[in-house]
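So this block is data-v3.tsv, TSV, C-alpha atoms and all ligand atoms:
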```tsv
chain	number	residue	atom	x	y	z
A	5	MET	CA	116.86	97.60	-155.79
A	6	PRO	CA	114.78	94.79	-154.23
A	7	LEU	CA	111.01	95.21	-154.18
A	8	ILE	CA	109.86	97.76	-151.59
A	9	VAL	CA	106.19	98.34	-150.79
A	10	ALA	CA	105.51	101.44	-148.68
A	11	ILE	CA	102.37	101.48	-146.53
A	12	ASP	CA	101.82	104.71	-144.62
A	13	GLY	CA	98.86	106.05	-142.67
A	14	PRO	CA	97.61	107.18	-139.25
A	15	SER	CA	97.33	105.03	-136.14
A	16	GLY	CA	94.69	102.31	-135.94
A	17	VAL	CA	94.00	102.24	-139.66
A	18	GLY	CA	94.86	98.55	-139.93
A	19	LYS	CA	98.36	99.02	-141.38
A	20	THR	CA	99.96	96.24	-139.37
A	21	THR	CA	97.38	93.57	-140.15
A	22	ALA	CA	97.24	94.53	-143.83
A	23	SER	CA	101.03	94.89	-144.23
A	24	LYS	CA	101.67	91.50	-142.67
A	25	LEU	CA	99.27	89.81	-145.12
A	26	VAL	CA	100.59	91.76	-148.11
A	27	ALA	CA	104.12	90.68	-147.16
A	28	ARG	CA	103.02	87.08	-146.95
A	29	GLU	CA	101.32	87.23	-150.38
A	30	LEU	CA	104.33	88.86	-152.02
A	31	ASN	CA	106.81	86.71	-150.12
A	32	LEU	CA	108.65	89.69	-148.65
A	33	PRO	CA	109.72	90.54	-145.09
A	34	HIS	CA	107.24	92.69	-143.14
A	35	ILE	CA	108.99	95.63	-141.49
A	36	ASP	CA	106.98	97.51	-138.86
A	37	THR	CA	108.93	100.75	-138.48
A	38	GLY	CA	106.62	102.04	-135.73
A	39	ALA	CA	107.97	99.25	-133.53
A	40	MET	CA	111.41	100.88	-133.69
A	41	TYR	CA	110.08	104.27	-132.53
A	42	ARG	CA	108.23	102.40	-129.80
A	43	ALA	CA	111.49	100.77	-128.68
A	44	ILE	CA	113.10	104.21	-128.30
A	45	GLY	CA	109.96	105.40	-126.48
A	46	LEU	CA	110.31	102.48	-124.09
A	47	ALA	CA	114.06	103.05	-123.62
A	48	ALA	CA	113.41	106.74	-122.84
A	49	THR	CA	110.64	105.89	-120.36
A	50	ARG	CA	112.82	103.35	-118.58
A	51	ALA	CA	115.83	105.67	-118.46
A	52	GLY	CA	113.71	108.58	-117.23
A	53	VAL	CA	114.70	110.66	-120.24
A	54	ALA	CA	112.18	113.43	-120.96
A	55	VAL	CA	110.49	112.82	-124.32
A	56	ARG	CA	111.20	116.40	-125.36
A	57	ASP	CA	114.91	116.40	-124.44
A	58	ALA	CA	116.26	116.12	-128.00
A	59	GLN	CA	119.92	115.92	-126.97
A	60	ALA	CA	119.38	113.14	-124.42
A	61	LEU	CA	117.15	111.27	-126.87
A	62	GLU	CA	119.78	111.42	-129.58
A	63	GLU	CA	122.36	109.96	-127.18
A	64	LEU	CA	119.88	107.31	-126.11
A	65	ALA	CA	119.06	106.38	-129.73
A	66	LEU	CA	122.77	106.18	-130.57
A	67	ARG	CA	123.64	103.89	-127.69
A	68	SER	CA	120.50	101.72	-127.86
A	69	ASP	CA	120.78	98.59	-129.89
A	70	ILE	CA	117.43	98.09	-131.61
A	71	GLU	CA	116.89	95.02	-133.64
A	72	PHE	CA	113.77	94.36	-135.63
A	73	ILE	CA	113.47	90.73	-136.62
A	74	PRO	CA	110.88	90.18	-139.34
A	75	GLY	CA	108.76	87.07	-138.86
A	76	ASP	CA	105.39	85.92	-137.60
A	77	PRO	CA	105.27	87.36	-135.05
A	78	PRO	CA	108.02	89.89	-135.70
A	79	ARG	CA	110.15	90.60	-132.65
A	80	VAL	CA	111.78	93.73	-131.34
A	81	LEU	CA	114.92	93.53	-129.28
A	82	LEU	CA	116.15	96.45	-127.22
A	83	ASP	CA	119.75	95.88	-126.16
A	84	GLY	CA	119.21	92.17	-126.62
A	85	GLU	CA	116.00	92.04	-124.53
A	86	ASP	CA	112.79	90.95	-126.24
A	87	VAL	CA	110.42	93.91	-125.73
A	88	THR	CA	107.81	92.86	-128.32
A	89	ARG	CA	104.98	93.01	-125.77
A	90	GLU	CA	106.19	95.91	-123.62
A	91	ILE	CA	106.15	98.37	-126.54
A	92	ARG	CA	102.40	97.92	-127.17
A	93	THR	CA	100.94	99.78	-124.17
A	94	PRO	CA	99.06	103.09	-124.59
A	95	ASP	CA	101.80	104.92	-122.60
A	96	ILE	CA	104.52	103.70	-124.94
A	97	SER	CA	102.37	104.61	-127.97
A	98	MET	CA	102.36	108.20	-126.76
A	99	ALA	CA	106.07	108.15	-125.84
A	100	ALA	CA	106.86	106.79	-129.34
A	101	SER	CA	104.92	109.61	-130.95
A	102	HIS	CA	106.88	112.18	-128.90
A	103	VAL	CA	110.34	110.73	-129.55
A	104	SER	CA	109.55	110.32	-133.26
A	105	ALA	CA	109.39	114.10	-133.59
A	106	VAL	CA	113.11	114.40	-132.75
A	107	PRO	CA	115.10	114.69	-136.02
A	108	ALA	CA	118.19	112.88	-134.67
A	109	VAL	CA	116.07	109.91	-133.61
A	110	ARG	CA	114.48	109.80	-137.07
A	111	ARG	CA	117.86	109.99	-138.80
A	112	ILE	CA	119.19	107.00	-136.86
A	113	LEU	CA	116.08	104.86	-137.34
A	114	VAL	CA	115.57	105.76	-141.01
A	115	ARG	CA	119.11	104.56	-141.72
A	116	LYS	CA	118.36	101.24	-140.01
A	117	GLN	CA	115.11	100.88	-141.97
A	118	GLN	CA	116.89	101.53	-145.27
A	119	GLU	CA	119.53	98.93	-144.44
A	120	LEU	CA	116.86	96.37	-143.57
A	121	GLY	CA	114.85	97.08	-146.73
A	122	ARG	CA	117.85	96.98	-149.04
A	123	ARG	CA	118.88	93.59	-147.70
A	124	ASN	CA	115.85	91.55	-148.87
A	125	GLY	CA	113.22	94.10	-149.91
A	126	GLY	CA	110.13	94.36	-147.78
A	127	VAL	CA	106.69	95.66	-147.02
A	128	LEU	CA	107.48	98.62	-144.78
A	129	GLU	CA	104.73	100.26	-142.77
A	130	GLY	CA	105.00	103.62	-141.03
A	131	ARG	CA	104.37	107.32	-141.50
A	132	ASP	CA	107.19	108.40	-143.83
A	133	ILE	CA	108.14	105.30	-145.81
A	134	GLY	CA	107.09	106.72	-149.18
A	135	THR	CA	108.22	110.25	-148.42
A	136	LYS	CA	111.56	109.72	-146.64
A	137	VAL	CA	112.67	106.12	-146.19
A	138	PHE	CA	112.13	104.82	-149.75
A	139	PRO	CA	110.79	107.79	-151.77
A	140	GLU	CA	111.98	106.12	-154.99
A	141	THR	CA	109.68	103.09	-154.75
A	142	PRO	CA	106.76	103.22	-157.17
A	143	TYR	CA	104.63	101.18	-154.71
A	144	LYS	CA	103.24	103.62	-152.18
A	145	PHE	CA	99.93	103.19	-150.40
A	146	PHE	CA	98.27	105.50	-147.92
A	147	LEU	CA	95.62	103.83	-145.76
A	148	ASP	CA	93.04	106.15	-144.25
A	149	ALA	CA	89.81	105.99	-142.19
A	150	SER	CA	87.90	108.39	-139.95
A	151	PRO	CA	89.22	108.89	-136.38
A	152	GLU	CA	86.10	107.19	-134.97
A	153	VAL	CA	86.49	104.09	-137.13
A	154	ARG	CA	90.17	103.87	-136.21
A	155	ALA	CA	89.50	104.32	-132.48
A	156	HIS	CA	86.85	101.59	-132.63
A	157	ARG	CA	89.38	99.21	-134.17
A	158	ARG	CA	92.06	100.10	-131.62
A	159	HIS	CA	89.55	99.72	-128.78
A	160	ALA	CA	88.49	96.27	-130.03
A	161	GLU	CA	92.16	95.25	-130.28
A	162	LEU	CA	92.87	96.33	-126.70
A	163	SER	CA	89.70	94.63	-125.41
A	164	ALA	CA	90.71	91.41	-127.17
A	165	LYS	CA	93.99	91.57	-125.25
A	166	GLY	CA	92.03	91.91	-122.02
A	167	GLU	CA	92.83	95.61	-121.52
A	168	THR	CA	89.93	97.71	-120.31
A	169	VAL	CA	90.30	101.24	-121.64
A	170	ALA	CA	87.31	103.53	-122.22
A	171	PHE	CA	86.48	104.15	-125.88
A	172	GLU	CA	86.63	107.94	-125.29
A	173	THR	CA	90.20	107.59	-123.96
A	174	VAL	CA	91.26	105.58	-127.02
A	175	LEU	CA	89.66	108.16	-129.33
A	176	ALA	CA	91.27	111.11	-127.51
A	177	ASP	CA	94.71	109.42	-127.54
A	178	SER	CA	94.40	108.58	-131.20
A	179	VAL	CA	93.38	112.13	-132.16
A	180	GLN	CA	96.25	113.60	-130.12
A	181	ARG	CA	98.84	111.20	-131.54
A	182	ASP	CA	97.71	111.82	-135.13
A	183	LYS	CA	97.88	115.56	-134.56
A	184	GLN	CA	101.44	115.23	-133.24
A	185	ASP	CA	102.47	112.91	-136.06
A	186	SER	CA	100.95	115.14	-138.77
A	187	THR	CA	102.14	118.52	-137.51
A	188	ARG	CA	105.76	117.80	-136.54
A	189	ALA	CA	108.38	119.65	-138.57
A	190	ASP	CA	110.45	116.61	-139.57
A	191	SER	CA	108.76	114.05	-141.86
A	192	PRO	CA	105.13	114.65	-140.87
A	193	LEU	CA	102.52	112.08	-141.78
A	194	MET	CA	101.43	113.09	-145.27
A	195	HIS	CA	100.89	111.78	-148.77
A	196	ASP	CA	101.10	113.21	-152.25
A	197	GLU	CA	100.09	112.26	-155.78
A	198	THR	CA	102.69	109.46	-155.91
A	199	TYR	CA	100.57	107.47	-153.43
A	200	THR	CA	97.53	105.29	-154.00
A	201	VAL	CA	95.10	106.32	-151.24
A	202	ILE	CA	92.84	103.59	-149.86
A	203	ASP	CA	89.96	104.54	-147.58
A	204	THR	CA	89.60	101.46	-145.41
A	205	SER	CA	86.46	102.63	-143.52
A	206	SER	CA	84.12	100.30	-145.35
A	207	LEU	CA	86.59	97.69	-146.56
A	208	THR	CA	87.46	94.35	-144.99
A	209	ILE	CA	91.11	93.48	-144.38
A	210	PRO	CA	91.17	90.96	-147.28
A	211	GLU	CA	89.79	93.68	-149.58
A	212	VAL	CA	92.55	96.11	-148.56
A	213	VAL	CA	95.22	93.42	-148.98
A	214	ASP	CA	93.82	92.41	-152.34
A	215	ALA	CA	93.84	95.99	-153.64
A	216	ILE	CA	97.49	96.46	-152.67
A	217	VAL	CA	98.71	93.07	-153.93
A	218	LYS	CA	96.86	93.46	-157.26
A	219	SER	CA	98.25	96.92	-157.77
A	220	VAL	CA	101.84	95.76	-157.14
A	221	ARG	CA	101.52	92.63	-159.30
A	222	GLU	CA	99.96	94.54	-162.20
A	223	ARG	CA	102.85	96.96	-162.33
A	224	GLU	CA	105.57	94.39	-161.61
A	225	SER	CA	104.61	92.12	-164.50
B	301	LIG	O1	102.70	102.68	-136.19
B	301	LIG	P1	102.79	102.87	-134.67
B	301	LIG	O2	101.52	103.33	-134.05
B	301	LIG	O3	103.33	101.64	-134.01
B	301	LIG	O4	103.89	104.03	-134.46
B	301	LIG	C1	104.23	104.55	-133.20
B	301	LIG	C2	104.65	106.00	-133.35
B	301	LIG	O5	105.88	106.07	-134.08
B	301	LIG	C3	103.67	106.88	-134.12
B	301	LIG	O6	102.86	107.65	-133.25
B	301	LIG	C4	104.52	107.77	-134.98
B	301	LIG	C5	105.87	107.15	-135.00
B	301	LIG	N1	106.28	106.66	-136.32
B	301	LIG	C6	106.91	107.55	-137.16
B	301	LIG	O7	107.04	108.72	-136.83
B	301	LIG	N2	107.41	107.14	-138.36
B	301	LIG	C7	107.26	105.86	-138.75
B	301	LIG	N3	107.76	105.48	-139.92
B	301	LIG	C8	106.57	104.94	-137.92
B	301	LIG	C9	106.07	105.38	-136.71
```
Would it be possible to restate this file's structure as structure tokens?
Ligand code: DC
Amino acid sequence: MPLIVAIDGPSGVGKTTASKLVARELNLPHIDTGAMYRAIGLAATRAGVAVRDAQALEELALRSDIEFIPGDPPRVLLDGEDVTREIRTPDISMAASHVSAVPAVRRILVRKQQELGRRNGGVLEGRDIGTKVFPETPYKFFLDASPEVRAHRRHAELSAKGETVAFETVLADSVQRDKQDSTRADSPLMHDETYTVIDTSSLTIPEVVDAIVKSVRERES
């Protein structure tokens, strides 16, 4: 099997930035699986499908053509339309978290993620990469940080994009989303002893990237 690096963890922990740089260092595609759940969240919002209507969401996921094109920046196409920007709003973050709890949606997207990874390998980031998507990879990392640290990072990201959202709102959203993602029945956010846990609270991005790349290279050689 091609080289697969699994990077899981809660929202706002810096997974995307770190994964992108790890992928560049290891010369692998970067696959942001959250973007696929976001695309279904967006499709559901546009179609007026209730985020808890499992049957309607399954049908929607089956008929939606979601393409994730690795690259810098990676792009997400929903039925051929580039929705890379549209999927990044706070509303779609919450919708993605809701639709990701539906087992049929997960089944469809996990299959796509496995196909993508098997093609050229990859650094896959998400919530269940090391537990469900590629449980057989020896390279599993769980990034963690306190909710406050993560909300601060998310808030800074949104501010940099010119979006004015109160810090308290970002923190409350983040806590709610993590609770949903960690307590759902199907593939909750979790890690076990097969993971290397990295607390990113007091680490810089280059330090996180370095720790992951070193760990992979040491075991690969
Ligand atoms: O990583 P993100 O914030 O872009 O993910 C959006 C939502 O998608 C997140 O709240 C949980 C869900 N998700 C998931 O359930 N499994 C994944 N592998 C990736 C994301």
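Residues of protein or nucleic acid lying within 7 Å of ligand LIG 301 (chain B), counting all atoms listed in the file, are Ser15, Thr37, Gly38, Ala39, Tyr41, Arg42, Ser97, Met98, Ala100, Ser101, Ser104, Ala105, Glu129, Gly130, Arg131, Asp132, Ile133, Arg181, Asp182 and Asp185 of chain A.
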Item to complete: Could you give me, as a PyMOL selection string, the residues within 12 Å of Lys165 (chain A), counting only C-alpha atoms and dropping anything in the same chain fewer than 6 positions from it?
Response: chain A and resi 89+92-93+158-159
Using C-alpha atoms, can you write the selected residues to a file as a CSV table (one decimal), in the frame of the given file?
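This is the output file selection21.csv:
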```csv
chain,number,residue,atom,x,y,z
A,89,ARG,CA,105.0,93.0,-125.8
A,92,ARG,CA,102.4,97.9,-127.2
A,93,THR,CA,100.9,99.8,-124.2
A,158,ARG,CA,92.1,100.1,-131.6
A,159,HIS,CA,89.6,99.7,-128.8
```
Discussion item. Which residues are near region 16-28 of chain A? Cut-off 7 Å, only C-alpha atoms, ignore same chain within fewer than 4 positions. Put them as a count of residues only.
Written reply: 17
Item to complete: For region 59-66 of chain A, work out the shell of residues within 12 Å, counting all atoms listed in the file and skipping chain neighbours fewer than 5 positions away, then give it as JSON, numbers by chain.
Response: {"A": [40, 41, 42, 43, 44, 45, 46, 47, 48, 49, 50, 51, 52, 53, 54, 82, 83, 99, 100, 102, 103, 104, 105, 106, 107, 108, 109, 110, 111, 112, 113, 114, 115, 116]}
Expected file contents, prior selection, C-alpha atoms, as a PDB file, keeping the file's coordinate frame:
```pdb
ATOM      1  CA  MET A  40     111.410 100.880-133.690  1.00  0.00           C
ATOM      2  CA  TYR A  41     110.080 104.270-132.530  1.00  0.00           C
ATOM      3  CA  ARG A  42     108.230 102.400-129.800  1.00  0.00           C
ATOM      4  CA  ALA A  43     111.490 100.770-128.680  1.00  0.00           C
ATOM      5  CA  ILE A  44     113.100 104.210-128.300  1.00  0.00           C
ATOM      6  CA  GLY A  45     109.960 105.400-126.480  1.00  0.00           C
ATOM      7  CA  LEU A  46     110.310 102.480-124.090  1.00  0.00           C
ATOM      8  CA  ALA A  47     114.060 103.050-123.620  1.00  0.00           C
ATOM      9  CA  ALA A  48     113.410 106.740-122.840  1.00  0.00           C
ATOM     10  CA  THR A  49     110.640 105.890-120.360  1.00  0.00           C
ATOM     11  CA  ARG A  50     112.820 103.350-118.580  1.00  0.00           C
ATOM     12  CA  ALA A  51     115.830 105.670-118.460  1.00  0.00           C
ATOM     13  CA  GLY A  52     113.710 108.580-117.230  1.00  0.00           C
ATOM     14  CA  VAL A  53     114.700 110.660-120.240  1.00  0.00           C
ATOM     15  CA  ALA A  54     112.180 113.430-120.960  1.00  0.00           C
ATOM     16  CA  LEU A  82     116.150  96.450-127.220  1.00  0.00           C
ATOM     17  CA  ASP A  83     119.750  95.880-126.160  1.00  0.00           C
ATOM     18  CA  ALA A  99     106.070 108.150-125.840  1.00  0.00           C
ATOM     19  CA  ALA A 100     106.860 106.790-129.340  1.00  0.00           C
ATOM     20  CA  HIS A 102     106.880 112.180-128.900  1.00  0.00           C
ATOM     21  CA  VAL A 103     110.340 110.730-129.550  1.00  0.00           C
ATOM     22  CA  SER A 104     109.550 110.320-133.260  1.00  0.00           C
ATOM     23  CA  ALA A 105     109.390 114.100-133.590  1.00  0.00           C
ATOM     24  CA  VAL A 106     113.110 114.400-132.750  1.00  0.00           C
ATOM     25  CA  PRO A 107     115.100 114.690-136.020  1.00  0.00           C
ATOM     26  CA  ALA A 108     118.190 112.880-134.670  1.00  0.00           C
ATOM     27  CA  VAL A 109     116.070 109.910-133.610  1.00  0.00           C
ATOM     28  CA  ARG A 110     114.480 109.800-137.070  1.00  0.00           C
ATOM     29  CA  ARG A 111     117.860 109.990-138.800  1.00  0.00           C
ATOM     30  CA  ILE A 112     119.190 107.000-136.860  1.00  0.00           C
ATOM     31  CA  LEU A 113     116.080 104.860-137.340  1.00  0.00           C
ATOM     32  CA  VAL A 114     115.570 105.760-141.010  1.00  0.00           C
ATOM     33  CA  ARG A 115     119.110 104.560-141.720  1.00  0.00           C
ATOM     34  CA  LYS A 116     118.360 101.240-140.010  1.00  0.00           C
TER      35      LYS A 116
END
```
Worksheet item: Please, what distance in Å, to one decimal, runs between CA of Leu128 (chain A) and CA of Glu222 (chain A)?
Response: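 Taking CA of Leu128 (chain A) and CA of Glu222 (chain A), their separation equals 19.4 Å.
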Discussion item. Would you compute the distance between CA of Phe138 (chain A) and CA of Asp190 (chain A)? Give it in Å to one decimal.
Written reply: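 Distance between the two atoms: 15.7 Å.
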Worksheet item: In Å, how far is it from CA of His156 (chain A) to CA of Pro192 (chain A)?
Response: 23.9 Å
Worksheet item: Excluding same-chain residues fewer than 3 positions from Lys144 (chain A), what lies within 10 Å of it counting only C-alpha atoms, as an NGL selection string?
Response: :A and (8-12 or 128 or 133-135 or 138-141 or 147 or 195-201 or 216 or 220)
With C-alpha atoms retained, write the just-selected residues as an mmCIF file, in the coordinates of the input.
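As written to disk, again-v1.cif reads:
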```
data_model
loop_
_atom_site.group_PDB
_atom_site.id
_atom_site.type_symbol
_atom_site.label_atom_id
_atom_site.label_comp_id
_atom_site.auth_asym_id
_atom_site.auth_seq_id
_atom_site.Cartn_x
_atom_site.Cartn_y
_atom_site.Cartn_z
ATOM 1 C CA ILE A 8 109.860 97.760 -151.590
ATOM 2 C CA VAL A 9 106.190 98.340 -150.790
ATOM 3 C CA ALA A 10 105.510 101.440 -148.680
ATOM 4 C CA ILE A 11 102.370 101.480 -146.530
ATOM 5 C CA ASP A 12 101.820 104.710 -144.620
ATOM 6 C CA LEU A 128 107.480 98.620 -144.780
ATOM 7 C CA ILE A 133 108.140 105.300 -145.810
ATOM 8 C CA GLY A 134 107.090 106.720 -149.180
ATOM 9 C CA THR A 135 108.220 110.250 -148.420
ATOM 10 C CA PHE A 138 112.130 104.820 -149.750
ATOM 11 C CA PRO A 139 110.790 107.790 -151.770
ATOM 12 C CA GLU A 140 111.980 106.120 -154.990
ATOM 13 C CA THR A 141 109.680 103.090 -154.750
ATOM 14 C CA LEU A 147 95.620 103.830 -145.760
ATOM 15 C CA HIS A 195 100.890 111.780 -148.770
ATOM 16 C CA ASP A 196 101.100 113.210 -152.250
ATOM 17 C CA GLU A 197 100.090 112.260 -155.780
ATOM 18 C CA THR A 198 102.690 109.460 -155.910
ATOM 19 C CA TYR A 199 100.570 107.470 -153.430
ATOM 20 C CA THR A 200 97.530 105.290 -154.000
ATOM 21 C CA VAL A 201 95.100 106.320 -151.240
ATOM 22 C CA ILE A 216 97.490 96.460 -152.670
ATOM 23 C CA VAL A 220 101.840 95.760 -157.140
#
```
Fill in: Among listed residues A:Ser163, A:Gly13, A:Glu90, A:Asp214, nearest Phe145 (chain A) (using only C-alpha atoms)
A:Gly13
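You can rank A:Ala215, A:Met5, A:Ala170, A:Leu162 by their closest distance to Gly125 (chain A) using all atoms listed in the file, and at the top of that list sits A:Met5.
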Worksheet item: Taking into account only C-alpha atoms, which residue in the set A:Ile91, A:Ile35, A:Ala176, A:Val55 is nearest to Gly126 (chain A)?
Response: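 Closest candidate: A:Ile35.
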Response to the item:
Counting all atoms listed in the file, the residue among A:Leu207, A:Glu152, A:Pro94, A:Ala58 that lies closest to Asp177 (chain A) is A:Pro94
Just add N, CA and C atoms to region 191-204 of chain A and send it as a PDB file, keeping the file's coordinate frame.
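Saved to result-v6.pdb:
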```pdb
ATOM      1  N   SER A 191     109.465 115.210-141.304  1.00  0.00           N
ATOM      2  CA  SER A 191     108.760 114.050-141.860  1.00  0.00           C
ATOM      3  C   SER A 191     107.356 113.843-141.299  1.00  0.00           C
ATOM      4  N   PRO A 192     106.497 114.859-141.371  1.00  0.00           N
ATOM      5  CA  PRO A 192     105.130 114.650-140.870  1.00  0.00           C
ATOM      6  C   PRO A 192     104.387 113.609-141.697  1.00  0.00           C
ATOM      7  N   LEU A 193     103.373 113.018-141.057  1.00  0.00           N
ATOM      8  CA  LEU A 193     102.520 112.080-141.780  1.00  0.00           C
ATOM      9  C   LEU A 193     101.825 112.829-142.903  1.00  0.00           C
ATOM     10  N   MET A 194     102.061 112.424-144.119  1.00  0.00           N
ATOM     11  CA  MET A 194     101.430 113.090-145.270  1.00  0.00           C
ATOM     12  C   MET A 194     101.496 112.153-146.482  1.00  0.00           C
ATOM     13  N   HIS A 195     100.755 112.531-147.524  1.00  0.00           N
ATOM     14  CA  HIS A 195     100.890 111.780-148.770  1.00  0.00           C
ATOM     15  C   HIS A 195     100.720 112.748-149.923  1.00  0.00           C
ATOM     16  N   ASP A 196     101.229 112.350-151.080  1.00  0.00           N
ATOM     17  CA  ASP A 196     101.100 113.210-152.250  1.00  0.00           C
ATOM     18  C   ASP A 196     100.581 112.384-153.419  1.00  0.00           C
ATOM     19  N   GLU A 197     100.702 112.926-154.616  1.00  0.00           N
ATOM     20  CA  GLU A 197     100.090 112.260-155.780  1.00  0.00           C
ATOM     21  C   GLU A 197     100.835 110.976-156.180  1.00  0.00           C
ATOM     22  N   THR A 198     101.995 110.709-155.563  1.00  0.00           N
ATOM     23  CA  THR A 198     102.690 109.460-155.910  1.00  0.00           C
ATOM     24  C   THR A 198     102.108 108.261-155.140  1.00  0.00           C
ATOM     25  N   TYR A 199     101.188 108.547-154.234  1.00  0.00           N
ATOM     26  CA  TYR A 199     100.570 107.470-153.430  1.00  0.00           C
ATOM     27  C   TYR A 199      99.229 107.030-154.031  1.00  0.00           C
ATOM     28  N   THR A 200      98.899 105.765-153.781  1.00  0.00           N
ATOM     29  CA  THR A 200      97.530 105.290-154.000  1.00  0.00           C
ATOM     30  C   THR A 200      96.865 105.370-152.627  1.00  0.00           C
ATOM     31  N   VAL A 201      95.790 106.164-152.524  1.00  0.00           N
ATOM     32  CA  VAL A 201      95.100 106.320-151.240  1.00  0.00           C
ATOM     33  C   VAL A 201      93.964 105.297-151.161  1.00  0.00           C
ATOM     34  N   ILE A 202      93.906 104.572-150.051  1.00  0.00           N
ATOM     35  CA  ILE A 202      92.840 103.590-149.860  1.00  0.00           C
ATOM     36  C   ILE A 202      92.069 103.938-148.592  1.00  0.00           C
ATOM     37  N   ASP A 203      90.794 104.272-148.752  1.00  0.00           N
ATOM     38  CA  ASP A 203      89.960 104.540-147.580  1.00  0.00           C
ATOM     39  C   ASP A 203      89.441 103.198-147.080  1.00  0.00           C
ATOM     40  N   THR A 204      89.914 102.806-145.901  1.00  0.00           N
ATOM     41  CA  THR A 204      89.600 101.460-145.410  1.00  0.00           C
ATOM     42  C   THR A 204      88.314 101.412-144.585  1.00  0.00           C
TER      43      THR A 204
END
```
